[in-house]
$ cat final-v5.cif   # mmCIF, C-alpha atoms
data_final
loop_
_atom_site.group_PDB
_atom_site.id
_atom_site.type_symbol
_atom_site.label_atom_id
_atom_site.label_comp_id
_atom_site.auth_asym_id
_atom_site.auth_seq_id
_atom_site.Cartn_x
_atom_site.Cartn_y
_atom_site.Cartn_z
ATOM 1 C CA MET A 258 87.817 117.733 79.267
ATOM 2 C CA ASN A 259 89.008 115.703 82.242
ATOM 3 C CA LYS A 260 89.367 111.978 81.809
ATOM 4 C CA ARG A 261 87.714 110.019 84.572
ATOM 5 C CA ILE A 262 88.839 106.552 85.540
ATOM 6 C CA THR A 263 85.651 104.601 86.047
ATOM 7 C CA LYS A 264 86.909 101.056 85.785
ATOM 8 C CA VAL A 265 89.992 99.970 87.695
ATOM 9 C CA THR A 266 90.000 96.242 86.875
ATOM 10 C CA THR A 267 90.101 95.891 83.093
ATOM 11 C CA LYS A 268 91.908 92.522 82.786
ATOM 12 C CA THR A 269 93.710 93.894 79.723
ATOM 13 C CA GLY A 270 97.055 93.484 81.497
ATOM 14 C CA ASP A 271 96.610 89.789 82.176
ATOM 15 C CA LYS A 272 98.622 88.884 79.086
ATOM 16 C CA ARG A 273 101.816 90.616 80.262
ATOM 17 C CA THR A 274 101.191 93.854 78.382
ATOM 18 C CA THR A 275 100.071 97.264 79.522
ATOM 19 C CA GLY A 276 98.399 100.158 77.795
ATOM 20 C CA MET A 277 100.228 103.346 77.013
ATOM 21 C CA ALA A 278 98.500 106.732 77.003
ATOM 22 C CA ASP A 279 98.455 106.752 73.197
ATOM 23 C CA GLY A 280 96.432 103.514 73.179
ATOM 24 C CA SER A 281 99.282 101.214 72.176
ATOM 25 C CA ARG A 282 100.198 98.163 74.227
ATOM 26 C CA VAL A 283 103.730 97.236 75.266
ATOM 27 C CA SER A 284 105.286 94.419 77.253
ATOM 28 C CA LYS A 285 105.362 94.952 80.984
ATOM 29 C CA ALA A 286 109.067 94.110 80.696
ATOM 30 C CA ASP A 287 109.734 97.070 78.368
ATOM 31 C CA PRO A 288 112.308 99.501 79.835
ATOM 32 C CA ILE A 289 109.833 102.364 79.478
ATOM 33 C CA ILE A 290 107.368 100.560 81.747
ATOM 34 C CA ASN A 291 110.168 99.944 84.225
ATOM 35 C CA SER A 292 110.982 103.669 84.259
ATOM 36 C CA ILE A 293 107.341 104.678 84.632
ATOM 37 C CA GLY A 294 106.964 102.173 87.479
ATOM 38 C CA GLU A 295 110.022 103.465 89.277
ATOM 39 C CA ILE A 296 108.789 107.055 88.975
ATOM 40 C CA ASP A 297 105.457 105.842 90.412
ATOM 41 C CA GLU A 298 107.269 104.157 93.315
ATOM 42 C CA LEU A 299 109.202 107.363 93.994
ATOM 43 C CA ASN A 300 105.981 109.374 93.933
ATOM 44 C CA SER A 301 104.352 106.940 96.370
ATOM 45 C CA LEU A 302 107.290 107.177 98.776
ATOM 46 C CA ILE A 303 107.095 110.962 98.685
ATOM 47 C CA GLY A 304 103.386 110.643 99.500
ATOM 48 C CA TYR A 305 104.337 108.467 102.464
ATOM 49 C CA LEU A 306 106.928 111.021 103.593
ATOM 50 C CA ASP A 307 104.320 113.761 103.227
ATOM 51 C CA SER A 308 101.969 111.831 105.538
ATOM 52 C CA LEU A 309 104.411 111.886 108.464
ATOM 53 C CA PRO A 310 103.904 114.669 111.025
ATOM 54 C CA ASP A 311 107.614 115.564 111.120
ATOM 55 C CA SER A 312 107.598 116.447 107.419
ATOM 56 C CA GLU A 313 104.713 118.922 107.618
ATOM 57 C CA ASP A 314 107.078 121.883 107.050
ATOM 58 C CA TYR A 315 107.805 120.460 103.589
ATOM 59 C CA ARG A 316 104.209 119.632 102.606
ATOM 60 C CA TYR A 317 103.899 122.217 99.806
ATOM 61 C CA VAL A 318 107.301 121.290 98.379
ATOM 62 C CA LEU A 319 106.561 117.556 98.476
ATOM 63 C CA ARG A 320 103.184 117.919 96.778
ATOM 64 C CA ARG A 321 104.654 120.126 94.083
ATOM 65 C CA ILE A 322 107.273 117.429 93.493
ATOM 66 C CA GLN A 323 104.561 114.752 93.322
ATOM 67 C CA ASN A 324 102.786 116.679 90.576
ATOM 68 C CA CYS A 325 106.049 116.989 88.622
ATOM 69 C CA LEU A 326 106.723 113.270 88.977
ATOM 70 C CA PHE A 327 103.223 112.523 87.718
ATOM 71 C CA ASP A 328 103.977 114.770 84.731
ATOM 72 C CA ILE A 329 107.205 112.852 84.072
ATOM 73 C CA GLY A 330 105.451 109.469 84.191
ATOM 74 C CA GLY A 331 102.646 110.721 81.974
ATOM 75 C CA SER A 332 105.029 112.196 79.429
ATOM 76 C CA LEU A 333 106.928 108.911 79.268
ATOM 77 C CA SER A 334 103.631 107.160 78.591
ATOM 78 C CA VAL A 335 102.783 109.424 75.653
ATOM 79 C CA GLY A 336 106.334 109.904 74.380
ATOM 80 C CA SER A 337 106.336 113.642 75.106
ATOM 81 C CA GLN A 338 109.573 115.557 75.521
ATOM 82 C CA ASP A 339 108.223 118.516 77.470
ATOM 83 C CA SER A 340 107.193 117.373 80.934
ATOM 84 C CA ILE A 341 109.435 119.476 83.159
ATOM 85 C CA ALA A 342 109.873 123.207 82.810
ATOM 86 C CA LYS A 343 113.212 124.756 83.684
ATOM 87 C CA GLU A 344 111.343 126.699 86.393
ATOM 88 C CA GLU A 345 110.705 123.452 88.284
ATOM 89 C CA ILE A 346 114.416 122.668 88.304
ATOM 90 C CA LEU A 347 115.153 126.193 89.513
ATOM 91 C CA TYR A 348 112.526 125.762 92.222
ATOM 92 C CA LEU A 349 114.321 122.649 93.521
ATOM 93 C CA GLU A 350 117.649 124.496 93.452
ATOM 94 C CA GLU A 351 116.131 127.377 95.442
ATOM 95 C CA GLN A 352 114.775 124.956 98.040
ATOM 96 C CA ILE A 353 118.146 123.215 98.315
ATOM 97 C CA GLN A 354 119.931 126.525 98.838
ATOM 98 C CA LYS A 355 117.355 127.805 101.344
ATOM 99 C CA LEU A 356 117.503 124.671 103.497
ATOM 100 C CA ASN A 357 121.246 124.100 103.151
ATOM 101 C CA GLU A 358 122.058 127.616 104.406
ATOM 102 C CA LYS A 359 120.659 126.613 107.822
ATOM 103 C CA LEU A 360 122.625 123.356 108.057
ATOM 104 C CA PRO A 361 126.135 122.830 109.406
ATOM 105 C CA ALA A 362 128.820 122.145 106.824
ATOM 106 C CA LEU A 363 129.722 118.514 106.262
ATOM 107 C CA ASP A 364 133.283 117.289 106.629
ATOM 108 C CA ASN A 365 132.337 113.657 106.129
ATOM 109 C CA PHE A 366 129.589 111.432 104.757
ATOM 110 C CA ILE A 367 126.579 110.893 106.983
ATOM 111 C CA LEU A 368 124.749 107.636 107.480
ATOM 112 C CA PRO A 369 121.084 107.600 106.447
ATOM 113 C CA GLY A 370 118.864 107.569 109.504
ATOM 114 C CA GLY A 371 117.919 109.599 112.519
ATOM 115 C CA ASN A 372 114.352 110.745 112.799
ATOM 116 C CA GLN A 373 111.812 108.495 111.005
ATOM 117 C CA ALA A 374 110.893 111.189 108.469
ATOM 118 C CA ALA A 375 114.571 111.969 107.865
ATOM 119 C CA ALA A 376 115.376 108.284 107.340
ATOM 120 C CA LEU A 377 112.494 108.012 104.879
ATOM 121 C CA SER A 378 113.735 111.109 103.065
ATOM 122 C CA GLN A 379 117.107 109.378 102.638
ATOM 123 C CA TYR A 380 115.313 106.318 101.266
ATOM 124 C CA VAL A 381 113.416 108.561 98.847
ATOM 125 C CA ARG A 382 116.797 110.002 97.785
ATOM 126 C CA ALA A 383 118.136 106.529 97.021
ATOM 127 C CA VAL A 384 115.022 105.570 95.020
ATOM 128 C CA CYS A 385 115.290 108.864 93.162
ATOM 129 C CA ARG A 386 118.845 107.942 92.132
ATOM 130 C CA ARG A 387 117.532 104.580 90.874
ATOM 131 C CA CYS A 388 114.895 106.401 88.802
ATOM 132 C CA GLU A 389 117.600 108.587 87.327
ATOM 133 C CA ARG A 390 119.686 105.529 86.399
ATOM 134 C CA SER A 391 116.611 103.932 84.856
ATOM 135 C CA LEU A 392 116.037 106.966 82.639
ATOM 136 C CA VAL A 393 119.690 106.995 81.575
ATOM 137 C CA ILE A 394 119.310 103.363 80.485
ATOM 138 C CA LEU A 395 116.003 104.205 78.779
ATOM 139 C CA ASP A 396 117.711 107.030 76.901
ATOM 140 C CA LYS A 397 119.827 104.479 75.015
ATOM 141 C CA ASN A 398 116.761 103.346 73.021
ATOM 142 C CA TYR A 399 114.251 106.134 73.581
ATOM 143 C CA SER A 400 114.866 109.842 73.592
ATOM 144 C CA VAL A 401 114.574 111.082 77.182
ATOM 145 C CA GLU A 402 114.132 114.792 77.770
ATOM 146 C CA GLU A 403 117.234 116.244 79.442
ATOM 147 C CA ASN A 404 115.136 118.173 81.976
ATOM 148 C CA LYS A 405 113.737 114.894 83.336
ATOM 149 C CA LEU A 406 117.258 113.737 84.189
ATOM 150 C CA VAL A 407 118.306 117.087 85.619
ATOM 151 C CA TYR A 408 115.114 117.274 87.692
ATOM 152 C CA LEU A 409 115.703 113.837 89.228
ATOM 153 C CA ASN A 410 119.325 114.708 89.952
ATOM 154 C CA ARG A 411 118.304 117.892 91.790
ATOM 155 C CA LEU A 412 115.464 116.074 93.535
ATOM 156 C CA SER A 413 117.846 113.543 95.064
ATOM 157 C CA ASP A 414 119.968 116.438 96.342
ATOM 158 C CA LEU A 415 116.886 118.089 97.822
ATOM 159 C CA MET A 416 115.808 114.894 99.573
ATOM 160 C CA PHE A 417 119.274 114.663 101.165
ATOM 161 C CA VAL A 418 119.002 118.243 102.410
ATOM 162 C CA ILE A 419 115.429 117.697 103.640
ATOM 163 C CA ALA A 420 116.623 114.665 105.631
ATOM 164 C CA ARG A 421 119.360 116.718 107.256
ATOM 165 C CA SER A 422 116.946 119.568 107.907
ATOM 166 C CA ILE A 423 114.384 117.302 109.570
ATOM 167 C CA ASN A 424 117.050 115.814 111.827
ATOM 168 C CA GLN A 425 118.265 119.284 112.756
ATOM 169 C CA ASN A 426 114.730 120.553 113.441
ATOM 170 C CA LYS A 427 113.983 117.558 115.664
ATOM 171 C CA GLY A 428 117.297 117.754 117.530
ATOM 172 C CA VAL A 429 118.591 114.454 116.152
ATOM 173 C CA GLU A 430 122.348 114.259 115.759
ATOM 174 C CA GLU A 431 123.626 112.993 112.427
ATOM 175 C CA SER A 432 125.684 109.819 112.456
ATOM 176 C CA LEU A 433 128.928 110.277 110.559
ATOM 177 C CA TRP A 434 130.427 107.518 108.477
ATOM 178 C CA LYS A 435 133.448 105.964 110.145
ATOM 179 C CA GLN A 436 135.624 103.878 107.880
ATOM 180 C CA ILE A 437 136.309 100.489 109.410
#
$ encode --input "final-v5.cif" --output "structure tokens"
Amino acid sequence: MNKRITKVTTKTGDKRTTGMADGSRVSKADPIINSIGEIDELNSLIGYLDSLPDSEDYRYVLRRIQNCLFDIGGSLSVGSQDSIAKEEILYLEEQIQKLNEKLPALDNFILPGGNQAAALSQYVRAVCRRCERSLVILDKNYSVEENKLVYLNRLSDLMFVIARSINQNKGVEESLWKQI
């Protein structure tokens, strides 16, 4: 049976706690809430990227990622260890390889930017790395499923390649890092 959210304002969080999926309440300062919040932020940024016209070629990929991120956040909320199947990691790797084959080799670091959608994809990549760091910290006190960490690591790589791909498709030259 599907659970329907009928009441958005509950006021139960006014006392600096939030409800977990199992019904328990934890401090909003708990590292698990921080990780869930960062995953939510990442998911929202991917939704923003998906809304831009120049990212329409990646729409299916981005929405599939959003569903996986929702699964990760939900599994953290219930304490589940089985949110990401190995197939989802393989899917990201396939997308990375497919897109990267069409890109010129890199001899240097590139600066984030270029086309608006590409710049946002780079921002998503950076937030994804923060989410990964957050889960590594969380893993010190909670057991974090290895596939969650691997998935986020691959996702940041994919977002980098998507950014490069968007710039290439739109004819925007990449800016190379020049050490000062």
$ residues_near_point --input "final-v5.cif" --point "(118.3, 111.0, 87.0)" --cutoff "8 Å" --atoms "all atoms listed in the file" --output "list in words"
Cys385, Arg386, Arg387, Cys388, Glu389, Arg390, Ser391, Leu392, Val393, Lys405, Leu406, Val407, Tyr408, Leu409 and Asn410 of chain A
$ atom_distance --input "final-v5.cif" --atom1 "CA of Glu358 (chain A)" --atom2 "CA of Arg321 (chain A)"
21.6 Å
$ residues_near_point --input "final-v5.cif" --point "(111.2, 105.7, 74.0)" --cutoff "12 Å" --atoms "all atoms listed in the file" --output "count of residues only"
27
$ closest_residue --input "final-v5.cif" --among "A:Leu326, A:Leu433, A:Ile346, A:Ala376" --to "Glu403 (chain A)" --atoms "all atoms listed in the file"
A:Ile346
$ closest_atom_pairs --input "final-v5.cif" --of "region 305-400 of chain A" --to "region 411-418 of chain A" --cutoff "10 Å" --atoms "all atoms listed in the file" --output "JSON lines"
{"residue": "A:Leu319", "atom": "CA", "partner": "A:Met416", "partner_atom": "CA", "distance": 9.7}
{"residue": "A:Ile322", "atom": "CA", "partner": "A:Leu412", "partner_atom": "CA", "distance": 8.3}
{"residue": "A:Ile346", "atom": "CA", "partner": "A:Arg411", "partner_atom": "CA", "distance": 7.1}
{"residue": "A:Leu347", "atom": "CA", "partner": "A:Arg411", "partner_atom": "CA", "distance": 9.2}
{"residue": "A:Tyr348", "atom": "CA", "partner": "A:Arg411", "partner_atom": "CA", "distance": 9.8}
{"residue": "A:Leu349", "atom": "CA", "partner": "A:Arg411", "partner_atom": "CA", "distance": 6.4}
{"residue": "A:Glu350", "atom": "CA", "partner": "A:Arg411", "partner_atom": "CA", "distance": 6.8}
{"residue": "A:Glu351", "atom": "CA", "partner": "A:Leu415", "partner_atom": "CA", "distance": 9.6}
{"residue": "A:Gln352", "atom": "CA", "partner": "A:Leu415", "partner_atom": "CA", "distance": 7.2}
{"residue": "A:Ile353", "atom": "CA", "partner": "A:Leu415", "partner_atom": "CA", "distance": 5.3}
{"residue": "A:Gln354", "atom": "CA", "partner": "A:Leu415", "partner_atom": "CA", "distance": 9.0}
{"residue": "A:Lys355", "atom": "CA", "partner": "A:Val418", "partner_atom": "CA", "distance": 9.8}
{"residue": "A:Leu356", "atom": "CA", "partner": "A:Val418", "partner_atom": "CA", "distance": 6.7}
{"residue": "A:Asn357", "atom": "CA", "partner": "A:Val418", "partner_atom": "CA", "distance": 6.3}
{"residue": "A:Leu360", "atom": "CA", "partner": "A:Val418", "partner_atom": "CA", "distance": 8.4}
{"residue": "A:Pro369", "atom": "CA", "partner": "A:Phe417", "partner_atom": "CA", "distance": 9.0}
{"residue": "A:Ala375", "atom": "CA", "partner": "A:Phe417", "partner_atom": "CA", "distance": 8.6}
{"residue": "A:Ala376", "atom": "CA", "partner": "A:Phe417", "partner_atom": "CA", "distance": 9.7}
{"residue": "A:Leu377", "atom": "CA", "partner": "A:Met416", "partner_atom": "CA", "distance": 9.3}
{"residue": "A:Ser378", "atom": "CA", "partner": "A:Met416", "partner_atom": "CA", "distance": 5.6}
{"residue": "A:Gln379", "atom": "CA", "partner": "A:Phe417", "partner_atom": "CA", "distance": 5.9}
{"residue": "A:Tyr380", "atom": "CA", "partner": "A:Met416", "partner_atom": "CA", "distance": 8.8}
{"residue": "A:Val381", "atom": "CA", "partner": "A:Met416", "partner_atom": "CA", "distance": 6.8}
{"residue": "A:Arg382", "atom": "CA", "partner": "A:Ser413", "partner_atom": "CA", "distance": 4.6}
{"residue": "A:Ala383", "atom": "CA", "partner": "A:Ser413", "partner_atom": "CA", "distance": 7.3}
{"residue": "A:Val384", "atom": "CA", "partner": "A:Ser413", "partner_atom": "CA", "distance": 8.5}
{"residue": "A:Cys385", "atom": "CA", "partner": "A:Ser413", "partner_atom": "CA", "distance": 5.7}
{"residue": "A:Arg386", "atom": "CA", "partner": "A:Ser413", "partner_atom": "CA", "distance": 6.4}
{"residue": "A:Arg387", "atom": "CA", "partner": "A:Ser413", "partner_atom": "CA", "distance": 9.9}
{"residue": "A:Cys388", "atom": "CA", "partner": "A:Ser413", "partner_atom": "CA", "distance": 9.9}
{"residue": "A:Glu389", "atom": "CA", "partner": "A:Ser413", "partner_atom": "CA", "distance": 9.2}
$ atom_distance --input "final-v5.cif" --atom1 "CA of Thr274 (chain A)" --atom2 "CA of Ile329 (chain A)"
20.7 Å
$ decode --input "final-v5.cif" --residues "region 400-425 of chain A" --atoms "C-alpha atoms" --output "PDB file, in the first residue's frame"
ATOM      1  CA  SER A 400      27.160   1.078   9.344  1.00  0.00           C
ATOM      2  CA  VAL A 401      26.907   2.541   5.835  1.00  0.00           C
ATOM      3  CA  GLU A 402      26.357   0.174   2.937  1.00  0.00           C
ATOM      4  CA  GLU A 403      29.447   0.074   0.707  1.00  0.00           C
ATOM      5  CA  ASN A 404      27.344   0.393  -2.458  1.00  0.00           C
ATOM      6  CA  LYS A 405      26.083   3.802  -1.295  1.00  0.00           C
ATOM      7  CA  LEU A 406      29.658   5.094  -1.183  1.00  0.00           C
ATOM      8  CA  VAL A 407      30.628   3.495  -4.480  1.00  0.00           C
ATOM      9  CA  TYR A 408      27.478   4.855  -6.140  1.00  0.00           C
ATOM     10  CA  LEU A 409      28.213   8.420  -5.013  1.00  0.00           C
ATOM     11  CA  ASN A 410      31.820   8.106  -6.152  1.00  0.00           C
ATOM     12  CA  ARG A 411      30.737   6.983  -9.634  1.00  0.00           C
ATOM     13  CA  LEU A 412      27.997   9.611  -9.720  1.00  0.00           C
ATOM     14  CA  SER A 413      30.494  12.423  -9.198  1.00  0.00           C
ATOM     15  CA  ASP A 414      32.548  11.022 -12.085  1.00  0.00           C
ATOM     16  CA  LEU A 415      29.447  10.889 -14.273  1.00  0.00           C
ATOM     17  CA  MET A 416      28.514  14.482 -13.459  1.00  0.00           C
ATOM     18  CA  PHE A 417      32.020  15.573 -14.515  1.00  0.00           C
ATOM     19  CA  VAL A 418      31.659  13.732 -17.819  1.00  0.00           C
ATOM     20  CA  ILE A 419      28.134  15.096 -18.359  1.00  0.00           C
ATOM     21  CA  ALA A 420      29.470  18.636 -17.845  1.00  0.00           C
ATOM     22  CA  ARG A 421      32.174  18.070 -20.437  1.00  0.00           C
ATOM     23  CA  SER A 422      29.683  16.465 -22.802  1.00  0.00           C
ATOM     24  CA  ILE A 423      27.234  19.362 -22.531  1.00  0.00           C
ATOM     25  CA  ASN A 424      29.997  21.866 -23.247  1.00  0.00           C
ATOM     26  CA  GLN A 425      31.118  19.839 -26.250  1.00  0.00           C
TER      27      GLN A 425
END
